[in-house]
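Asker: Sharing a structure here in structure tokens format.
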Amino acid sequence: MPHKHNFGAGPCILPQEVFDQAAQAVLSWGDTGLSILEISHRTPEFESVVAESVQLIKELMQVPDGYDVIFVQGGASLQFGMLPMNLLNEEESAAYLDTGVWSNKAWKEAKLFGNVNVVASSKDANYTFIPKDYQIPTDAKYFHCTSNNTIYGTQMQSFPKSPVSMVCDMSSDILSREINIADFDLIYAGAQKNIGPAGNTVVILKSEILGKVNRKITSMLDYRIHIEGGSMYNTPPVFAIYVAMLNLRWLKKQGGVKEMERRNVEKANLLYAEIDRNTMFKGTCAIEDRSKMNICFVMNDASFEKEFLQMAEAVGCVGLKGHRSVGGFRASMYNALPLASVQVLVDTMKNFEALKK
Ligand SMILES: *Cc1c(COP(=O)(O)O)cnc(C)c1O
């Protein structure tokens with residue numbers, strides 16, 4: 001059966017060659033005579049997988065010296081709490097930009113550990129834009145933002161000049177565009193939106209920011225323990241890291257993040273142009289904040305939505321149903337989604353318009 005056009009928001013589509021290689025490694029991995037699913041994480045073979053994955057992230061994202069790259073579990077959701085637990089003392093205050101469900105969850109978790117100052121929020125407008133007019137207090141311990149709002153389809157096109165340590169949830173647009181890592185002291189991302197399968201979380205952080213809180217931290221939630229353990233303090237998600245490595249190799253071979261950004265711009269332009277042209281559809285977000293990863297749109301007449309979804313499904317487009325808090329449609333177009341898939345969706349929108357005229 002041909003592979004569907006997977007517009008799902010996550011877990012993400014991965015390149016076909018990554019699926020093929022991963023499938024092969026499940027049966028028999030390299031010269032080990034074992035499946036990747038049964039190999040010990042303490043073998044030199046797997047240690048080299050972790051080392052290569054870290055190296056590829058550093059290379060592809062141009063991570064400067066002084067940063068560590070670690071793999072942890074618990075998803076981006078665990079980072080909402082782990083981050084303030086490691087960085088924020090109870091009497092201190094952290095600044096948060098509230099741009100969607102995920103950033104909202106992030107600051108609510110941070111409140112368990114210290115004071116939170118929400119510097120701006122677009123919640124009253126159902127998060128259809130990114131607030132830009134705000135001040136980051138100079139006495140904040142750090143400033144937290146969400147680079148791409150997966151549910152609402154908005155994306156920070158630029159980052160503020162923060163007077164304090166900037167930390168960012170990049171779960172849904174990491175490796176999709178060039179980013180200046182030096183602007184951030186910590187970046188985290190659940191792997192399943194652009195890096196690999198679920199079960200792995202990437203954290204890129206400056207180790208000098210650690211060790212400054214006075215609370216006790218349980219080992220599994222202490223960044224320093226994972227840095228010291230080389231992401232192998234305990235058993236890591238072996239298969240998830242292996243497949244991430246395959247995907248990172250693919251990404252490098254394609255021309256790296258710069259090339260991904262070029263493709264992502266091309267794909268997003270194609271779909272937004274059709275949303276804006278087609279008389280039956282409209283976008284849901286402020287144009288200047290539109291995401292290139294998750295594109296949200298609705299129909300002018302919502303009663304056609306079910307029929308359009310069926311028509312799209314009939315040509316192999318899946319995962320298009322919008323999140324319940326926005327409705328309509330969401331086309332997630334992560335790195336591995338080909339331009340041809342976007343063209344199929346655009347053609348279906350055109351056909352649907354013609355059908356109803
Ligand atoms: C999906 C997502 C999360 C939650 O990720 P989990 O790995 O499921 O915990 C957090 N933040 C953003 C921006 C996301 O897209």
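Ordered as shown in the structure tokens, chains take letters A, B, and onward, while each chain numbers its residues from 1 and ligands are numbered from 1 in the order shown.
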Write out as a list in words each polymer residue whose atoms come within 10 Å of segment 119-125 of chain A, counting only C-alpha atoms; drop sequence neighbours fewer than 6 positions from it.
Answerer: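 Close residues of segment 119-125 of chain A: Ala94, Ala95, Tyr96, Leu97, Asp98, Thr99, Gly100, Val101, Ser103, Asn104, Pro131, Lys132, Asp133, Tyr134, Gln135, Ile136, Pro137, Phe143, His144 and Cys285 of chain A.
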Asker: Can you tell me which residues surround segment 216-229 of chain A at a distance of at most 10 Å, considering only C-alpha atoms, apart from same-chain residues fewer than 4 positions away, and format the answer as a CSV table (one decimal) with N, CA and C atoms, in the first residue's frame?
Answerer:
chain,number,residue,atom,x,y,z
A,68,ASP,N,25.6,21.4,26.3
A,68,ASP,CA,25.4,20.0,26.3
A,68,ASP,C,24.1,19.6,25.6
A,69,VAL,N,24.2,18.5,24.9
A,69,VAL,CA,22.9,17.9,24.3
A,69,VAL,C,22.6,16.6,25.0
A,70,ILE,N,21.4,16.5,25.6
A,70,ILE,CA,21.1,15.3,26.3
A,70,ILE,C,19.7,14.8,25.9
A,71,PHE,N,19.6,13.5,26.0
A,71,PHE,CA,18.3,12.8,25.7
A,71,PHE,C,17.7,12.4,27.0
A,72,VAL,N,16.4,12.8,27.3
A,72,VAL,CA,15.7,12.4,28.5
A,72,VAL,C,14.3,11.9,28.0
A,73,GLN,N,13.6,11.4,29.0
A,73,GLN,CA,12.2,10.9,28.7
A,73,GLN,C,11.2,11.8,29.3
A,74,GLY,N,9.9,11.4,29.2
A,74,GLY,CA,8.8,12.1,29.8
A,74,GLY,C,8.3,13.2,28.8
A,78,LEU,N,7.2,16.8,30.6
A,78,LEU,CA,8.0,16.7,31.8
A,78,LEU,C,8.9,17.9,31.9
A,79,GLN,N,9.4,18.5,30.8
A,79,GLN,CA,10.3,19.6,30.8
A,79,GLN,C,9.6,20.9,31.4
A,81,GLY,N,8.0,21.0,34.0
A,81,GLY,CA,8.3,21.1,35.4
A,81,GLY,C,9.7,20.9,35.7
A,82,MET,N,10.4,20.1,34.9
A,82,MET,CA,11.9,19.8,35.2
A,82,MET,C,12.7,21.1,35.1
A,83,LEU,N,12.3,21.9,34.1
A,83,LEU,CA,13.1,23.1,33.9
A,83,LEU,C,13.0,24.1,35.1
A,85,MET,N,12.2,23.3,38.1
A,85,MET,CA,12.8,22.6,39.2
A,85,MET,C,14.3,22.8,39.3
A,86,ASN,N,14.9,22.8,38.1
A,86,ASN,CA,16.4,22.9,38.0
A,86,ASN,C,16.9,24.4,38.0
A,203,VAL,N,17.2,17.9,25.0
A,203,VAL,CA,17.5,19.1,25.7
A,203,VAL,C,18.9,19.6,25.3
A,205,LEU,N,21.4,22.5,26.4
A,205,LEU,CA,21.5,23.5,27.5
A,205,LEU,C,23.0,23.9,27.8
A,207,SER,N,25.6,24.3,30.5
A,207,SER,CA,25.7,23.7,31.8
A,207,SER,C,25.9,24.7,32.9
A,210,LEU,N,23.2,25.6,35.6
A,210,LEU,CA,22.8,24.6,36.5
A,210,LEU,C,23.4,24.7,37.9
A,211,GLY,N,22.9,24.1,38.9
A,211,GLY,CA,23.5,24.0,40.2
A,211,GLY,C,23.2,25.3,41.0
A,233,TYR,N,22.2,7.6,32.2
A,233,TYR,CA,22.1,7.4,33.7
A,233,TYR,C,21.3,6.1,33.9
A,234,ASN,N,20.2,6.0,33.2
A,234,ASN,CA,19.4,4.8,33.3
A,234,ASN,C,19.2,4.3,31.8
Asker: Each residue of chain A lying at most 9 Å from ligand 1 should get a row with its shortest atom-to-atom pair and the distance in Å to one decimal, counting only C-alpha atoms and all ligand atoms; could you produce that, ordered by chain and increasing number, as a Markdown table?
Answerer:
| residue | atom | partner | partner_atom_place_in_ligand_line | distance |
| --- | --- | --- | --- | --- |
| A:Ala9 | CA | ligand 1 | 1 (C) | 7.9 |
| A:Gly10 | CA | ligand 1 | 1 (C) | 6.9 |
| A:Pro11 | CA | ligand 1 | 1 (C) | 8.6 |
| A:Gln73 | CA | ligand 1 | 7 (O) | 8.7 |
| A:Gly74 | CA | ligand 1 | 9 (O) | 6.5 |
| A:Gly75 | CA | ligand 1 | 7 (O) | 3.3 |
| A:Ala76 | CA | ligand 1 | 9 (O) | 3.9 |
| A:Ser77 | CA | ligand 1 | 9 (O) | 3.6 |
| A:Leu78 | CA | ligand 1 | 9 (O) | 6.4 |
| A:Gln79 | CA | ligand 1 | 9 (O) | 8.0 |
| A:Phe80 | CA | ligand 1 | 10 (C) | 8.3 |
| A:Gly100 | CA | ligand 1 | 13 (C) | 8.5 |
| A:Val101 | CA | ligand 1 | 11 (N) | 8.2 |
| A:Trp102 | CA | ligand 1 | 11 (N) | 4.9 |
| A:Ser103 | CA | ligand 1 | 11 (N) | 7.2 |
| A:Lys105 | CA | ligand 1 | 10 (C) | 8.6 |
| A:Ala106 | CA | ligand 1 | 10 (C) | 8.4 |
| A:Thr146 | CA | ligand 1 | 13 (C) | 6.1 |
| A:Ser147 | CA | ligand 1 | 13 (C) | 7.3 |
| A:Asn148 | CA | ligand 1 | 13 (C) | 5.9 |
| A:Asn149 | CA | ligand 1 | 13 (C) | 5.5 |
| A:Thr150 | CA | ligand 1 | 15 (O) | 4.7 |
| A:Ile151 | CA | ligand 1 | 15 (O) | 7.3 |
| A:Asp169 | CA | ligand 1 | 13 (C) | 5.8 |
| A:Met170 | CA | ligand 1 | 13 (C) | 6.0 |
| A:Ser171 | CA | ligand 1 | 13 (C) | 4.6 |
| A:Ser172 | CA | ligand 1 | 15 (O) | 4.6 |
| A:Asp173 | CA | ligand 1 | 13 (C) | 8.1 |
| A:Tyr188 | CA | ligand 1 | 11 (N) | 8.9 |
| A:Ala189 | CA | ligand 1 | 11 (N) | 7.2 |
| A:Gly190 | CA | ligand 1 | 7 (O) | 4.2 |
| A:Ala191 | CA | ligand 1 | 7 (O) | 7.0 |
| A:Gln192 | CA | ligand 1 | 7 (O) | 6.9 |
| A:Lys193 | CA | ligand 1 | 15 (O) | 7.1 |
| A:Ala198 | CA | ligand 1 | 7 (O) | 7.1 |
| A:Gly199 | CA | ligand 1 | 7 (O) | 7.7 |
| A:Asn200 | CA | ligand 1 | 7 (O) | 8.1 |
| A:Thr201 | CA | ligand 1 | 7 (O) | 7.1 |
Asker: Using the selection just defined, write its residues with C-alpha atoms as an mmCIF file, in the first residue's frame.
Answerer:
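Contents of out.cif, as written:
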data_model
loop_
_atom_site.group_PDB
_atom_site.id
_atom_site.type_symbol
_atom_site.label_atom_id
_atom_site.label_comp_id
_atom_site.auth_asym_id
_atom_site.auth_seq_id
_atom_site.Cartn_x
_atom_site.Cartn_y
_atom_site.Cartn_z
ATOM 1 C CA ALA A 9 0.591 16.844 14.207
ATOM 2 C CA GLY A 10 2.672 14.205 15.956
ATOM 3 C CA PRO A 11 4.115 11.625 16.031
ATOM 4 C CA GLN A 73 12.249 10.865 28.717
ATOM 5 C CA GLY A 74 8.841 12.147 29.764
ATOM 6 C CA GLY A 75 8.252 14.278 26.676
ATOM 7 C CA ALA A 76 8.162 18.055 26.490
ATOM 8 C CA SER A 77 5.489 17.917 29.183
ATOM 9 C CA LEU A 78 7.998 16.748 31.772
ATOM 10 C CA GLN A 79 10.258 19.648 30.782
ATOM 11 C CA PHE A 80 7.511 22.067 31.828
ATOM 12 C CA GLY A 100 -0.963 28.579 23.440
ATOM 13 C CA VAL A 101 -1.978 25.472 25.336
ATOM 14 C CA TRP A 102 1.624 24.292 25.680
ATOM 15 C CA SER A 103 3.048 27.547 27.004
ATOM 16 C CA LYS A 105 0.846 24.380 30.720
ATOM 17 C CA ALA A 106 4.507 25.359 31.013
ATOM 18 C CA THR A 146 7.289 28.502 22.765
ATOM 19 C CA SER A 147 8.743 28.898 19.290
ATOM 20 C CA ASN A 148 5.857 27.241 17.450
ATOM 21 C CA ASN A 149 2.316 26.756 18.693
ATOM 22 C CA THR A 150 1.400 23.371 17.298
ATOM 23 C CA ILE A 151 -2.303 23.615 18.115
ATOM 24 C CA ASP A 169 10.073 24.903 23.941
ATOM 25 C CA MET A 170 10.935 24.098 20.310
ATOM 26 C CA SER A 171 9.065 20.787 20.182
ATOM 27 C CA SER A 172 7.286 21.396 16.921
ATOM 28 C CA ASP A 173 9.777 23.396 14.865
ATOM 29 C CA TYR A 188 13.867 21.438 24.728
ATOM 30 C CA ALA A 189 11.843 19.424 22.269
ATOM 31 C CA GLY A 190 9.800 16.255 22.428
ATOM 32 C CA ALA A 191 11.288 14.213 19.596
ATOM 33 C CA GLN A 192 8.083 13.095 17.922
ATOM 34 C CA LYS A 193 7.426 16.245 15.880
ATOM 35 C CA ALA A 198 7.990 9.366 20.503
ATOM 36 C CA GLY A 199 9.751 8.433 23.722
ATOM 37 C CA ASN A 200 12.774 10.666 23.428
ATOM 38 C CA THR A 201 13.169 14.310 24.409
#
Asker: Can you list, as an MDAnalysis selection string, every residue of segment 15-115 of chain A that DSSP puts in alpha helix (DSSP H)?
Answerer: chainID A and resid 16:27 44:60 75:87 101:110
Asker: Which residues come within 7 Å of His5 of chain A, counting only C-alpha atoms, excluding same-chain residues fewer than 2 positions away, as a compact mmCIF listing (two decimals) with all heavy atoms, in the first residue's frame?
Answerer:
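The result, written out as around_39.txt:
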# COMPACT_ATOMS: atom_id res chain seq x y z
N HIS A 3 2.37 4.87 0.83
CA HIS A 3 2.37 5.63 2.08
C HIS A 3 1.40 6.81 1.95
O HIS A 3 1.36 7.48 0.93
CB HIS A 3 3.78 6.13 2.40
CG HIS A 3 3.96 6.50 3.83
ND1 HIS A 3 3.69 7.75 4.31
CD2 HIS A 3 4.34 5.76 4.90
CE1 HIS A 3 3.92 7.78 5.62
NE2 HIS A 3 4.32 6.59 6.01
N PHE A 7 -0.38 14.34 7.33
CA PHE A 7 -0.38 15.71 7.85
C PHE A 7 -0.59 15.72 9.37
O PHE A 7 -0.94 16.75 9.93
CB PHE A 7 -1.48 16.52 7.16
CG PHE A 7 -1.22 16.81 5.70
CD1 PHE A 7 -1.69 15.96 4.71
CD2 PHE A 7 -0.48 17.92 5.32
CE1 PHE A 7 -1.45 16.22 3.36
CE2 PHE A 7 -0.23 18.19 3.97
CZ PHE A 7 -0.72 17.34 2.99
N GLY A 316 -5.79 10.07 0.07
CA GLY A 316 -4.65 9.64 0.90
C GLY A 316 -4.16 10.67 1.91
O GLY A 316 -3.13 10.44 2.55
N CYS A 317 -4.87 11.79 2.05
CA CYS A 317 -4.44 12.81 3.02
C CYS A 317 -5.03 12.48 4.39
O CYS A 317 -6.26 12.50 4.54
CB CYS A 317 -4.89 14.20 2.60
SG CYS A 317 -4.14 14.77 1.07
N VAL A 318 -4.17 12.21 5.36
CA VAL A 318 -4.66 11.88 6.72
C VAL A 318 -4.10 12.86 7.75
O VAL A 318 -3.12 13.56 7.49
CB VAL A 318 -4.28 10.43 7.12
CG1 VAL A 318 -4.96 9.42 6.20
CG2 VAL A 318 -2.77 10.24 7.13
N SER A 341 3.01 15.99 -1.42
CA SER A 341 1.85 15.76 -0.56
C SER A 341 1.05 17.05 -0.39
O SER A 341 -0.18 17.04 -0.37
CB SER A 341 2.29 15.25 0.82
OG SER A 341 2.86 13.97 0.71
Asker: Fewer than 4 positions away in the same chain doesn't count, so skip those; otherwise give me all residues within 9 Å of segment 46-53 of chain A, counting only C-alpha atoms, as a list in words.
Answerer: Ile36, Ile39, Ser40, His41, Arg42, Ile57, Lys58, Phe71, Gly230, Ser231, Met232, Val238, Ile241, Tyr242, Ala244, Met245, Leu246, Leu248 and Arg249 of chain A
Asker: From the set A:Asn214, A:Phe19, A:Gly255, A:Pro44, which residue has the shortest atom-to-atom contact distance to Glu59 of chain A, counting only C-alpha atoms?
Answerer: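 Counting only C-alpha atoms, the residue closest to Glu59 of chain A is A:Gly255.
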Asker: Looking at A:Lys321, A:Lys161, A:Arg290, A:Lys206, which one is nearest to Phe129 of chain A, with distances taken over only C-alpha atoms?
Answerer: A:Arg290
Asker: Identify all residues of segment 97-303 of chain A in strand (DSSP E) (DSSP on the backbone) and supply them as an MDAnalysis selection string.
Answerer: chainID A and resid 97:98 115:121 143:146 148:149 154:155 166:169 186:190 201:206 281:283 294:299
